[in-house]
Every structure is written in C-alpha cells, then in structure tokens.
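Source file input_28.txt; content: compact mmCIF, C-alpha atoms.
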# COMPACT_ATOMS: atom_id res chain seq x y z
CA MET P 1 52.33 141.24 -96.30
CA GLU P 2 52.22 141.90 -100.02
CA VAL P 3 49.62 140.98 -102.62
CA ARG P 4 50.85 137.89 -104.49
CA THR P 5 48.24 137.42 -107.18
CA GLU P 6 50.32 135.49 -109.70
CA GLU P 7 51.40 132.83 -107.20
CA PHE P 8 47.84 132.46 -105.90
CA LEU P 9 46.50 131.93 -109.40
CA GLU P 10 49.23 129.54 -110.49
CA LYS P 11 48.84 127.26 -107.47
CA HIS P 12 45.21 127.53 -106.50
CA VAL P 13 43.04 128.74 -109.40
CA VAL P 14 44.51 127.75 -112.78
CA PRO P 15 44.51 123.99 -111.99
CA PHE P 16 40.94 124.04 -110.66
CA ALA P 17 38.88 126.72 -112.44
CA SER P 18 37.45 124.32 -115.02
CA GLN P 19 36.63 121.78 -112.30
CA TRP P 20 34.82 124.42 -110.22
CA GLU P 21 32.61 125.22 -113.18
CA SER P 22 31.84 121.61 -114.04
CA GLU P 23 31.09 120.80 -110.38
CA GLN P 24 29.30 124.16 -109.95
CA LEU P 25 31.21 124.81 -106.73
CA MET P 26 34.22 126.78 -105.55
CA PRO P 27 35.27 125.52 -102.11
CA ARG P 28 35.16 128.05 -99.26
CA GLU P 29 38.73 127.12 -98.35
CA ILE P 30 39.82 129.30 -101.29
CA PHE P 31 39.10 132.34 -99.13
CA LYS P 32 41.43 131.13 -96.39
CA ILE P 33 44.12 130.51 -98.99
CA ALA P 34 43.46 133.91 -100.59
CA GLY P 35 43.94 135.50 -97.18
CA THR P 36 47.51 134.23 -97.02
CA TYR P 37 48.22 136.01 -100.33
CA GLY P 38 46.80 139.37 -99.23
CA LEU P 39 43.65 139.01 -101.35
CA THR P 40 40.93 139.26 -98.68
CA GLY P 41 41.66 142.81 -97.53
CA LEU P 42 42.68 144.50 -100.76
CA ILE P 43 40.85 147.78 -100.10
CA VAL P 44 40.75 147.61 -96.30
CA PRO P 45 42.89 150.46 -94.89
CA THR P 46 46.34 149.41 -93.74
CA GLY P 47 45.55 150.70 -90.26
CA SER P 48 42.82 148.06 -90.03
CA GLY P 49 45.07 145.24 -91.23
CA GLY P 50 44.35 145.44 -94.96
CA MET P 51 46.42 146.18 -98.05
CA GLY P 52 45.01 149.67 -98.67
CA LEU P 53 45.08 149.42 -102.48
CA GLY P 54 43.88 152.26 -104.69
CA VAL P 55 41.37 151.80 -107.48
CA VAL P 56 43.96 151.44 -110.25
CA GLU P 57 45.88 148.78 -108.31
CA LEU P 58 42.67 146.99 -107.37
CA SER P 59 41.55 146.94 -111.01
CA ASP P 60 44.87 145.43 -112.07
CA VAL P 61 44.58 142.65 -109.48
CA LEU P 62 41.02 141.79 -110.46
CA LYS P 63 41.87 141.89 -114.16
CA GLU P 64 44.62 139.33 -113.53
CA ILE P 65 42.33 137.01 -111.57
CA ALA P 66 39.47 137.32 -114.06
CA ALA P 67 41.83 136.34 -116.87
CA VAL P 68 41.72 132.89 -115.26
CA ASP P 69 38.24 132.90 -113.70
CA MET P 70 36.00 135.96 -113.47
CA ALA P 71 33.61 134.26 -111.05
CA CYS P 72 36.46 133.83 -108.59
CA ALA P 73 37.49 137.47 -109.05
CA PHE P 74 33.97 138.77 -108.49
CA SER P 75 33.50 136.53 -105.48
CA LEU P 76 36.64 137.97 -103.91
CA ILE P 77 35.72 141.61 -104.58
CA VAL P 78 32.28 141.15 -103.00
CA HIS P 79 34.04 139.85 -99.89
CA ASN P 80 36.62 142.65 -100.01
CA ASN P 81 33.97 145.34 -100.35
CA LEU P 82 32.17 144.20 -97.21
CA ALA P 83 35.43 143.92 -95.27
CA ARG P 84 36.25 147.50 -96.23
CA SER P 85 32.77 148.73 -95.28
CA ILE P 86 33.08 147.17 -91.84
CA ALA P 87 36.54 148.69 -91.40
CA VAL P 88 35.40 152.17 -92.51
CA ASN P 89 31.77 152.35 -91.35
CA GLY P 90 31.49 149.79 -88.57
CA SER P 91 31.61 150.37 -84.84
CA ASP P 92 34.57 149.11 -82.83
CA GLN P 93 32.39 146.22 -81.74
CA LEU P 94 31.53 145.24 -85.35
CA LYS P 95 35.18 145.47 -86.35
CA GLU P 96 36.24 143.29 -83.45
CA MET P 97 33.52 140.72 -84.13
CA PHE P 98 33.85 140.32 -87.87
CA LEU P 99 36.90 141.96 -89.44
CA PRO P 100 39.67 139.57 -88.27
CA GLY P 101 37.77 136.54 -89.58
CA MET P 102 37.11 138.23 -92.92
CA LEU P 103 40.73 139.27 -93.37
CA SER P 104 41.86 135.70 -92.68
CA GLY P 105 39.20 134.25 -94.98
CA GLU P 106 37.72 132.22 -92.12
CA ARG P 107 34.48 134.16 -92.57
CA ILE P 108 33.02 135.05 -95.96
CA GLY P 109 31.03 138.16 -96.78
CA GLY P 110 27.89 138.67 -98.85
CA PHE P 111 26.09 141.84 -100.01
CA LEU P 112 22.28 141.62 -99.90
CA LEU P 113 20.50 144.49 -101.62
CA THR P 114 18.68 143.11 -104.68
CA GLU P 115 15.27 141.52 -104.25
CA PRO P 116 13.25 139.19 -106.51
CA GLN P 117 10.87 141.94 -107.61
CA GLY P 118 13.32 144.85 -107.53
CA GLY P 119 16.09 144.34 -110.05
CA SER P 120 17.94 147.59 -110.71
CA ASP P 121 15.66 149.75 -108.55
CA ALA P 122 17.52 149.71 -105.24
CA ALA P 123 15.15 152.24 -103.67
CA ALA P 124 12.22 149.86 -104.12
CA ILE P 125 13.36 147.14 -101.71
CA THR P 126 10.65 145.81 -99.41
CA THR P 127 12.66 143.97 -96.74
CA THR P 128 11.87 145.64 -93.42
CA ALA P 129 13.77 146.17 -90.18
CA THR P 130 11.52 147.10 -87.26
CA LEU P 131 13.12 148.36 -84.05
CA LYS P 132 11.95 146.49 -80.96
CA GLY P 133 13.85 147.62 -77.88
CA ASP P 134 17.51 146.72 -78.37
CA HIS P 135 16.91 144.61 -81.51
CA TYR P 136 15.71 144.96 -85.08
CA ILE P 137 13.24 142.41 -86.45
CA VAL P 138 14.13 141.75 -90.10
CA THR P 139 11.64 140.26 -92.55
CA GLY P 140 11.95 139.93 -96.30
CA GLU P 141 13.64 138.19 -99.20
CA LYS P 142 16.87 138.84 -101.10
CA ALA P 143 17.94 137.52 -104.50
CA TRP P 144 21.07 137.23 -106.63
CA VAL P 145 23.42 137.10 -103.67
CA SER P 146 27.03 136.60 -104.76
CA ASN P 147 28.85 134.25 -102.36
CA GLY P 148 25.37 133.27 -101.17
CA THR P 149 26.09 129.55 -100.97
CA ARG P 150 28.98 130.06 -98.53
CA ALA P 151 28.64 133.54 -96.99
CA ASP P 152 28.32 133.70 -93.22
CA VAL P 153 28.60 137.48 -92.74
CA LEU P 154 25.66 139.15 -94.49
CA SER P 155 25.31 142.87 -95.16
CA VAL P 156 21.52 143.22 -95.43
CA TYR P 157 19.78 146.39 -96.62
CA ALA P 158 16.29 146.97 -95.25
CA GLN P 159 13.65 149.67 -94.94
CA THR P 160 12.77 151.39 -91.67
CA GLU P 161 10.38 154.23 -90.84
CA GLN P 162 13.35 156.60 -91.08
CA GLY P 163 14.68 155.22 -94.36
CA MET P 164 17.01 152.46 -95.45
CA LEU P 165 19.76 151.00 -93.26
CA ALA P 166 22.26 148.14 -93.48
CA LEU P 167 22.70 145.48 -90.82
CA ILE P 168 25.36 142.83 -90.39
CA ILE P 169 23.47 139.55 -89.95
CA PRO P 170 25.32 136.30 -89.27
CA ALA P 171 23.89 133.64 -91.57
CA ASN P 172 23.40 131.21 -88.66
CA LEU P 173 20.86 133.38 -86.80
CA PRO P 174 17.42 131.79 -86.30
CA GLY P 175 15.05 132.77 -89.09
CA VAL P 176 17.75 133.13 -91.77
CA CYS P 177 17.01 130.70 -94.60
CA ARG P 178 19.56 130.21 -97.39
CA GLY P 179 18.04 129.32 -100.75
CA ASP P 180 19.19 126.74 -103.26
CA LYS P 181 22.11 127.54 -105.51
CA TYR P 182 21.09 129.17 -108.80
CA SER P 183 21.71 127.07 -111.90
CA LEU P 184 23.05 129.58 -114.41
CA LEU P 185 24.67 129.72 -117.83
CA GLY P 186 28.05 129.87 -116.13
CA GLY P 187 30.00 131.59 -113.36
CA HIS P 188 29.07 128.97 -110.76
CA ALA P 189 32.19 129.65 -108.70
CA LEU P 190 30.36 132.82 -107.64
CA GLY P 191 27.93 130.74 -105.56
CA THR P 192 24.79 132.76 -106.37
CA THR P 193 21.64 132.17 -104.37
CA GLY P 194 18.87 133.92 -102.44
CA PHE P 195 17.94 134.38 -98.77
CA ILE P 196 14.69 134.61 -96.81
CA PHE P 197 14.56 136.44 -93.47
CA ASP P 198 11.67 135.36 -91.26
CA LYS P 199 11.42 137.73 -88.28
CA VAL P 200 15.16 137.56 -87.66
CA LYS P 201 16.19 139.19 -84.37
CA VAL P 202 19.31 141.31 -84.93
CA PRO P 203 21.06 143.24 -82.11
CA ILE P 204 21.09 147.01 -82.58
CA GLU P 205 24.88 146.83 -82.26
CA ASN P 206 24.94 145.15 -85.67
CA VAL P 207 23.96 148.35 -87.52
CA LEU P 208 26.55 149.00 -90.24
CA ILE P 209 24.84 151.92 -92.01
CA THR P 210 22.38 153.98 -89.96
CA GLN P 211 18.72 154.64 -90.80
CA GLY P 212 18.22 156.94 -93.74
CA ASN P 213 21.77 156.47 -95.06
CA GLY P 214 21.44 152.99 -96.51
CA LEU P 215 20.53 153.87 -100.08
CA ARG P 216 23.26 156.50 -100.38
CA ALA P 217 25.83 154.06 -98.99
CA ALA P 218 24.72 151.31 -101.37
CA LEU P 219 24.97 153.63 -104.37
CA GLU P 220 28.28 155.21 -103.36
CA GLY P 221 30.15 152.02 -104.13
CA ILE P 222 28.49 151.44 -107.50
CA ASP P 223 31.04 153.45 -109.51
CA LEU P 224 33.91 151.39 -108.11
CA ALA P 225 31.96 148.19 -108.76
CA ARG P 226 31.39 149.14 -112.40
CA ILE P 227 35.06 149.97 -112.91
CA THR P 228 36.16 146.64 -111.48
CA VAL P 229 33.67 144.70 -113.64
CA ALA P 230 35.06 146.53 -116.69
CA ALA P 231 38.59 145.56 -115.63
CA MET P 232 37.56 141.93 -115.24
CA CYS P 233 36.08 141.93 -118.74
CA CYS P 234 39.35 143.29 -120.12
CA GLY P 235 41.19 140.50 -118.34
CA MET P 236 38.95 137.81 -119.82
CA LEU P 237 39.16 139.22 -123.34
CA GLU P 238 42.94 139.62 -123.24
CA ALA P 239 43.35 136.04 -122.01
CA SER P 240 40.92 134.76 -124.66
CA LEU P 241 42.73 136.59 -127.45
CA HIS P 242 46.14 135.19 -126.58
CA TYR P 243 44.75 131.70 -126.00
CA ALA P 244 42.93 131.70 -129.35
CA ILE P 245 45.98 132.96 -131.27
CA ASP P 246 48.19 130.27 -129.75
CA PHE P 247 45.64 127.57 -130.45
CA ALA P 248 44.86 128.70 -134.00
CA GLY P 249 48.56 128.88 -134.82
CA SER P 250 48.74 125.11 -134.53
CA ARG P 251 45.78 124.52 -136.88
CA LYS P 252 46.06 124.11 -140.67
CA PHE P 253 43.65 124.87 -143.50
CA LYS P 254 44.69 123.51 -146.88
CA GLY P 255 48.27 123.35 -145.70
CA GLU P 256 48.30 126.94 -144.43
CA SER P 257 48.26 128.06 -140.81
CA VAL P 258 44.87 129.43 -139.77
CA THR P 259 46.60 132.52 -138.44
CA ASP P 260 48.09 133.20 -141.90
CA LEU P 261 44.64 133.77 -143.37
CA GLN P 262 44.01 137.48 -143.84
CA GLY P 263 40.42 137.24 -142.66
CA ASN P 264 41.59 135.87 -139.31
CA GLN P 265 44.41 138.38 -139.06
CA TRP P 266 41.99 141.26 -139.53
CA ARG P 267 39.58 139.74 -137.01
CA VAL P 268 42.42 139.62 -134.48
CA ALA P 269 43.34 143.23 -135.29
CA ASP P 270 39.79 144.34 -134.56
CA ILE P 271 39.75 142.44 -131.26
CA ALA P 272 43.08 143.87 -130.16
CA THR P 273 41.98 147.41 -131.02
CA GLU P 274 38.71 147.18 -129.10
CA LEU P 275 40.52 145.57 -126.15
CA ALA P 276 42.95 148.50 -126.07
CA ALA P 277 40.03 150.95 -126.15
CA ALA P 278 38.19 149.15 -123.34
CA SER P 279 41.36 149.00 -121.24
CA ALA P 280 42.06 152.70 -121.76
CA LEU P 281 38.52 153.70 -120.83
CA THR P 282 38.64 151.48 -117.74
CA ARG P 283 41.97 152.94 -116.66
CA GLU P 284 40.67 156.48 -117.18
CA ALA P 285 37.65 155.73 -114.99
CA ALA P 286 39.85 154.17 -112.29
CA ILE P 287 42.14 157.20 -112.20
CA ALA P 288 39.15 159.55 -112.07
CA HIS P 289 37.65 157.58 -109.18
CA GLU P 290 40.76 158.26 -107.12
CA GLY P 291 40.31 162.01 -107.69
CA PRO P 292 37.96 164.52 -106.07
CA ASP P 293 35.33 164.65 -108.82
CA SER P 294 32.54 162.23 -109.69
CA SER P 295 33.54 159.27 -111.84
CA SER P 296 29.97 158.06 -112.41
CA VAL P 297 29.77 158.77 -116.14
CA LEU P 298 33.23 157.41 -116.89
CA ALA P 299 32.48 154.31 -114.83
CA ALA P 300 29.23 153.79 -116.74
CA LYS P 301 30.99 154.21 -120.09
CA ALA P 302 33.77 151.80 -119.09
CA LYS P 303 31.32 149.18 -117.87
CA LYS P 304 29.02 149.52 -120.88
CA PHE P 305 31.83 149.34 -123.43
CA ALA P 306 34.01 146.68 -121.79
CA THR P 307 31.13 144.26 -121.17
CA THR P 308 29.75 144.68 -124.70
CA VAL P 309 33.17 144.24 -126.29
CA ALA P 310 34.03 141.25 -124.11
CA LEU P 311 30.85 139.37 -124.98
CA ARG P 312 31.17 139.94 -128.74
CA ARG P 313 34.91 139.53 -129.04
CA ILE P 314 35.33 136.48 -126.82
CA ALA P 315 32.85 134.82 -129.17
CA ASP P 316 35.11 135.88 -132.07
CA CYS P 317 38.10 134.34 -130.29
CA MET P 318 36.15 131.10 -129.98
CA GLN P 319 35.40 131.28 -133.72
CA LEU P 320 39.12 131.52 -134.41
CA MET P 321 39.52 128.17 -132.65
CA GLY P 322 36.81 126.51 -134.72
CA ALA P 323 34.48 124.08 -132.96
CA SER P 324 37.23 123.39 -130.42
CA GLY P 325 36.39 126.72 -128.80
CA LEU P 326 33.17 125.16 -127.50
CA GLN P 327 34.96 122.46 -125.51
CA GLN P 328 35.03 122.87 -121.75
CA GLU P 329 38.70 121.87 -121.63
CA HIS P 330 39.40 125.32 -123.08
CA PRO P 331 38.60 128.41 -120.95
CA LEU P 332 36.84 130.50 -123.61
CA ALA P 333 33.37 129.02 -123.07
CA ARG P 334 33.71 129.83 -119.37
CA HIS P 335 34.83 133.37 -120.18
CA LEU P 336 31.95 133.86 -122.63
CA ALA P 337 29.36 132.92 -120.01
CA CYS P 338 30.93 135.29 -117.49
CA ALA P 339 31.03 138.10 -120.07
CA LYS P 340 27.28 137.73 -120.45
CA MET P 341 26.92 137.69 -116.69
CA ALA P 342 28.92 140.92 -116.53
CA GLU P 343 26.24 142.70 -118.55
CA TYR P 344 23.93 142.33 -115.53
CA LEU P 345 26.34 142.84 -112.62
CA ASP P 346 26.22 146.22 -110.83
CA GLY P 347 23.71 147.69 -113.23
CA THR P 348 22.67 146.43 -116.64
CA THR P 349 23.86 147.97 -119.90
CA GLU P 350 20.53 149.77 -120.07
CA ILE P 351 21.19 151.38 -116.68
CA GLN P 352 24.59 152.56 -117.94
CA ASN P 353 22.80 154.14 -120.90
CA VAL P 354 20.57 156.04 -118.48
CA VAL P 355 23.58 157.40 -116.57
CA ILE P 356 25.43 158.40 -119.75
CA SER P 357 22.46 159.96 -121.54
CA ARG P 358 21.42 161.98 -118.49
CA SER P 359 24.88 163.56 -118.42
CA LEU P 360 24.43 164.72 -122.03
CA PHE P 361 21.10 166.51 -121.63
Rendering of file as structure tokens:
Amino acid sequence: MEVRTEEFLEKHVVPFASQWESEQLMPREIFKIAGTYGLTGLIVPTGSGGMGLGVVELSDVLKEIAAVDMACAFSLIVHNNLARSIAVNGSDQLKEMFLPGMLSGERIGGFLLTEPQGGSDAAAITTTATLKGDHYIVTGEKAWVSNGTRADVLSVYAQTEQGMLALIIPANLPGVCRGDKYSLLGGHALGTTGFIFDKVKVPIENVLITQGNGLRAALEGIDLARITVAAMCCGMLEASLHYAIDFAGSRKFKGESVTDLQGNQWRVADIATELAAASALTREAAIAHEGPDSSSVLAAKAKKFATTVALRRIADCMQLMGASGLQQEHPLARHLACAKMAEYLDGTTEIQNVVISRSLF
C-alpha cells in the first residue's frame, strides 16, 4: 500500500470540510476511509503493518491535509501517534488486541494527558492508577481530548506510587464517562471533549508505558508534535495565500484589479516571505528530528514562528478578499480559527519561549 493523500482529500475531505465545521462533526467513517489510503498507520513501522514514514515525509502529508482542513489533519495524527506507540511500546497482547483495528480505522485512538487544572504542566496530573491484584483502578478527569467524541481506544496517563504510567483503556469499560463536545471557535472536526474515570477497572495487561516512565514517554513525542503542528500551519497559510490571490484577482476597485494595487502586492510579498521562512524552519526541525541530536529547540522555534505567522497572515489573506473573506463558503475563516487553535496545541507559544530562552542562557 502507498500513501495516497491527494486522492483522499479530493474525494473525501474537500467536498465536506465546510459541512463538518458547520455541523460541528466529522463522521468516524472518515477513519475507515483514511485507512484504505494508508493514512492511519503513517508512522507505524512497516513490520507492524504501517507505512513507516520519516518525519519529513510525515510533515509533508500533514501539511497537504491541513491545507484543506487542519482539524482533520490533527485528528489523524493523534490517531497515528497512538497506533505507533502501541506498535513500538505495547506488548504482543496489546498489539493483537488494538493495532489491527486502528490500522484499518475501525477503532479510533485518543491521547489523554491534559487535565482541567493542569494545562501545560504534564507532571502535575492528578488522575491515579492504583494496583489491586491483576488490575489497576483508575480515577480522575481528563480534558481537551482530541478525537474525544469518537475515540474508543484511550491512552490514559495516570499517577502511581512509583511514578506516572500509561494505560490503554477501551472507552466502553464501566466507569468511563465521555463528556459533552466542546463548543469552540473552530476546528470542530477534531471532536474535542473531556473524560471522567470513576474507579475504572483496567487489566494489568493493558499497561502501555510502565510505572515511572510515563512522563518521559509523554514528553518524548512533543518535539515531533510541535514540528507537525508547524507543518500544518504552513499548509493552511499557503492554501490561504493562493486562494486569496485567485479571489482578489477577480475583484475590481475603480476599474482596476485589486491585485494590481501596490499596497496589496506588497502585502502578498510579505506573506509569501514569511511563509517561506516558516516552511524552511519547519523543514530544518524535521530533518534534525531524524538525526541523533535533540531537535527540541528547533521544534520550539518552528512551532512558535509558524503558528504566529499563520494567525497573522491568514487574517491578511482574508483582508485581501474584503468582507467576502468572512463568509463560511470560503475556507479562510476556518483556517484562521485553526491557526489560533494551533497556538495552544502541544505547548503554548509561551512554553516555546521557555524552551528557546533556556537554550540561550
């Protein structure tokens, strides 16, 4: 199987992205369809049935999807990340139980680390997992769960006496309560919600990351996550720029094309330049991540710059379209909301500043 992103988008995302946002729902069947295009096991090793993509290739795929709908792209990478973790870290039993369904898109993954009171401080989570014989008893609450409205395979991080661990918890276990869908500025295809765990009995065989290794495992993937968010922002901005230029070219002001006005031409030049810079920084971080050295600072710089540029410059693209840029029939309003969302995903801009500044002192 090969990854066929363009065909997937053309047939199954482009015609429906606007509808998903207006209805605040992306159907779970999209994951099954994505599975037939190689998009549910992008970073799962080939030996485990996945595509085995590197970071640069993965970034390119997500950039292409985000150019149509970033919420769809982020939803897919959350699922892909969990599939890879099960393939790499899981026992043979976990792989047998969950991996085939995730690769086919029959089962959908969710990552549950953040809590209502915790925000960016992953070490401060209060959800507990208490060992009782051959089971863990899990109690606590999780927030901001991407894919939360449809996920049925949950990777849940919890505290034990020996430190943090991660458990795979099927969403249909007794005591698992799925919260209402969050009503947000945009990005509703992501299906964000929260979960409550009320003394949920989880077999010890469902341990994905052992006690004491949970925090390190959660943080190890953060550099990759920041690189992919940066790539998605580049995809949205590039799509917005081309869309705005095409639209503005058909508009007239006092008999002259809007794109012939020097002020607009210079605005476009600024956007294109900052897009090129964001893309170059993102590519540099992706290449570094595939190497032996830490890519944390480059990933933080790429995420900080690409998200900031995307938010400001997508708004400029909308301005080039006049008031028409606000209309939901055009994709720019959807991209603008997701660009703002990107400033929070996988560490806020302020957290990126902490990482960058620490490296300088």
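Remark: for Lys304 (chain P), the closest of the candidate residues P:His79, P:Ile351, P:Leu275, P:Gly325 is P:Ile351 (distances computed over all atoms listed in the file).
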Item to check | Atomic separation - CA of Ala17 (chain P) relative to CA of Ala248 (chain P), Å | outcome: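 Value for the CA of Ala248 (chain P)-CA of Ala17 (chain P) distance: 22.5 Å.
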Next on the checklist: Ranking P:Ala278, P:Ala244, P:Leu360, P:Ala272 by minimum distance to Ser324 (chain P) and counting all atoms listed in the file, which one comes first?
Outcome noted: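 Smallest distance to Ser324 (chain P) is found for P:Ala244.
Among P:Ile169, P:Ile222, P:Val55, P:Ala158, the residue with the shortest atom-to-atom distance to Asp346 (chain P), counting all atoms listed in the file, is P:Ile222.
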Checklist entry - CA of Cys234 (chain P) and CA of Gly221 (chain P), how far apart in Å? => result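 Answer for the CA of Gly221 (chain P) to CA of Cys234 (chain P) separation: 20.4 Å.
Between CA of Glu64 (chain P) and CA of Gly249 (chain P) the separation is 24.0 Å.
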Item to check | Minimum-distance residue to Ser18 (chain P), chosen among P:Ala71, P:Val156, P:Leu184, P:Val202 (using all atoms listed in the file) | outcome: P:Ala71
Item to check | Among listed residues P:Met318, P:Ala239, P:Leu154, P:Ala300, nearest Thr348 (chain P) (using all atoms listed in the file) | outcome: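 Answer, going by the shortest atom-to-atom distance: P:Ala300.
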Checklist entry - Using only C-alpha atoms, which residues sit within 10 Å of Lys132 (chain P) once same-chain residues fewer than 6 positions away are excluded, as a list in words? => result Lys201, Val202, Pro203 and Ile204 of chain P
Checklist entry - Which residues, written as a ChimeraX atom specification, have at least one atom at most 8 Å from region 327-339 of chain P, with all atoms listed in the file counted and residues fewer than 3 positions away on the same chain left out? => result /P:18,21,68-71,185-187,233,236-237,240,307,310-311,314-315,317-318,323-324,342-343
Next on the checklist: I want to know what sits within 9 Å of Gly163 (chain P), based on only C-alpha atoms, with residues of the same chain fewer than 4 positions away left out; could you give that as a list of chain:residue names?
Outcome noted: P:Ala158, P:Gln159, P:Thr210, P:Gln211, P:Gly212, P:Asn213, P:Gly214, P:Leu215
Checklist entry - Which one of P:Leu165, P:Ser155, P:Gly175, P:Pro15 sits closest to Gly140 (chain P) if you count only C-alpha atoms? => result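 Checking each candidate against Gly140 (chain P), we get P:Gly175 as the closest.
Proximity to Val200 (chain P) at 12 Å, evaluated using all atoms listed in the file and with sequence-adjacent residues fewer than 3 positions away removed, yields P:Thr127, P:Thr128, P:Ala129, P:Thr130, P:Leu131, P:Lys132, P:His135, P:Tyr136, P:Ile137, P:Val138, P:Thr139, P:Gly140, P:Glu141, P:Val156, P:Leu167, P:Ile168, P:Ile169, P:Pro170, P:Ala171, P:Asn172, P:Leu173, P:Pro174, P:Gly175, P:Val176, P:Cys177, P:Phe195, P:Ile196, P:Phe197, P:Pro203.
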Next on the checklist: Residues within 12 Å of Gly118 (chain P), please, as a ChimeraX atom specification. Count only C-alpha atoms; anything in the same chain fewer than 3 positions from it doesn't count.
Outcome noted: /P:113-115,121-127,141-144
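Point (32.0, 147.7, -84.8) has the following residues at most 12 Å away: Ala83, Ser85, Ile86, Ala87, Val88, Asn89, Gly90, Ser91, Asp92, Gln93, Leu94, Lys95, Glu96, Met97, Phe98, Leu99, Pro100, Leu167, Ile168, Ile204, Glu205, Asn206, Val207, Leu208 and Ile209 of chain P (atoms considered: all atoms listed in the file).
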Selected residues written out with C-alpha atoms, as a PDB file, keeping the file's coordinate frame:
ATOM      1  CA  ALA P  83      35.430 143.920 -95.270  1.00  0.00           C
ATOM      2  CA  SER P  85      32.770 148.730 -95.280  1.00  0.00           C
ATOM      3  CA  ILE P  86      33.080 147.170 -91.840  1.00  0.00           C
ATOM      4  CA  ALA P  87      36.540 148.690 -91.400  1.00  0.00           C
ATOM      5  CA  VAL P  88      35.400 152.170 -92.510  1.00  0.00           C
ATOM      6  CA  ASN P  89      31.770 152.350 -91.350  1.00  0.00           C
ATOM      7  CA  GLY P  90      31.490 149.790 -88.570  1.00  0.00           C
ATOM      8  CA  SER P  91      31.610 150.370 -84.840  1.00  0.00           C
ATOM      9  CA  ASP P  92      34.570 149.110 -82.830  1.00  0.00           C
ATOM     10  CA  GLN P  93      32.390 146.220 -81.740  1.00  0.00           C
ATOM     11  CA  LEU P  94      31.530 145.240 -85.350  1.00  0.00           C
ATOM     12  CA  LYS P  95      35.180 145.470 -86.350  1.00  0.00           C
ATOM     13  CA  GLU P  96      36.240 143.290 -83.450  1.00  0.00           C
ATOM     14  CA  MET P  97      33.520 140.720 -84.130  1.00  0.00           C
ATOM     15  CA  PHE P  98      33.850 140.320 -87.870  1.00  0.00           C
ATOM     16  CA  LEU P  99      36.900 141.960 -89.440  1.00  0.00           C
ATOM     17  CA  PRO P 100      39.670 139.570 -88.270  1.00  0.00           C
ATOM     18  CA  LEU P 167      22.700 145.480 -90.820  1.00  0.00           C
ATOM     19  CA  ILE P 168      25.360 142.830 -90.390  1.00  0.00           C
ATOM     20  CA  ILE P 204      21.090 147.010 -82.580  1.00  0.00           C
ATOM     21  CA  GLU P 205      24.880 146.830 -82.260  1.00  0.00           C
ATOM     22  CA  ASN P 206      24.940 145.150 -85.670  1.00  0.00           C
ATOM     23  CA  VAL P 207      23.960 148.350 -87.520  1.00  0.00           C
ATOM     24  CA  LEU P 208      26.550 149.000 -90.240  1.00  0.00           C
ATOM     25  CA  ILE P 209      24.840 151.920 -92.010  1.00  0.00           C
TER      26      ILE P 209
END
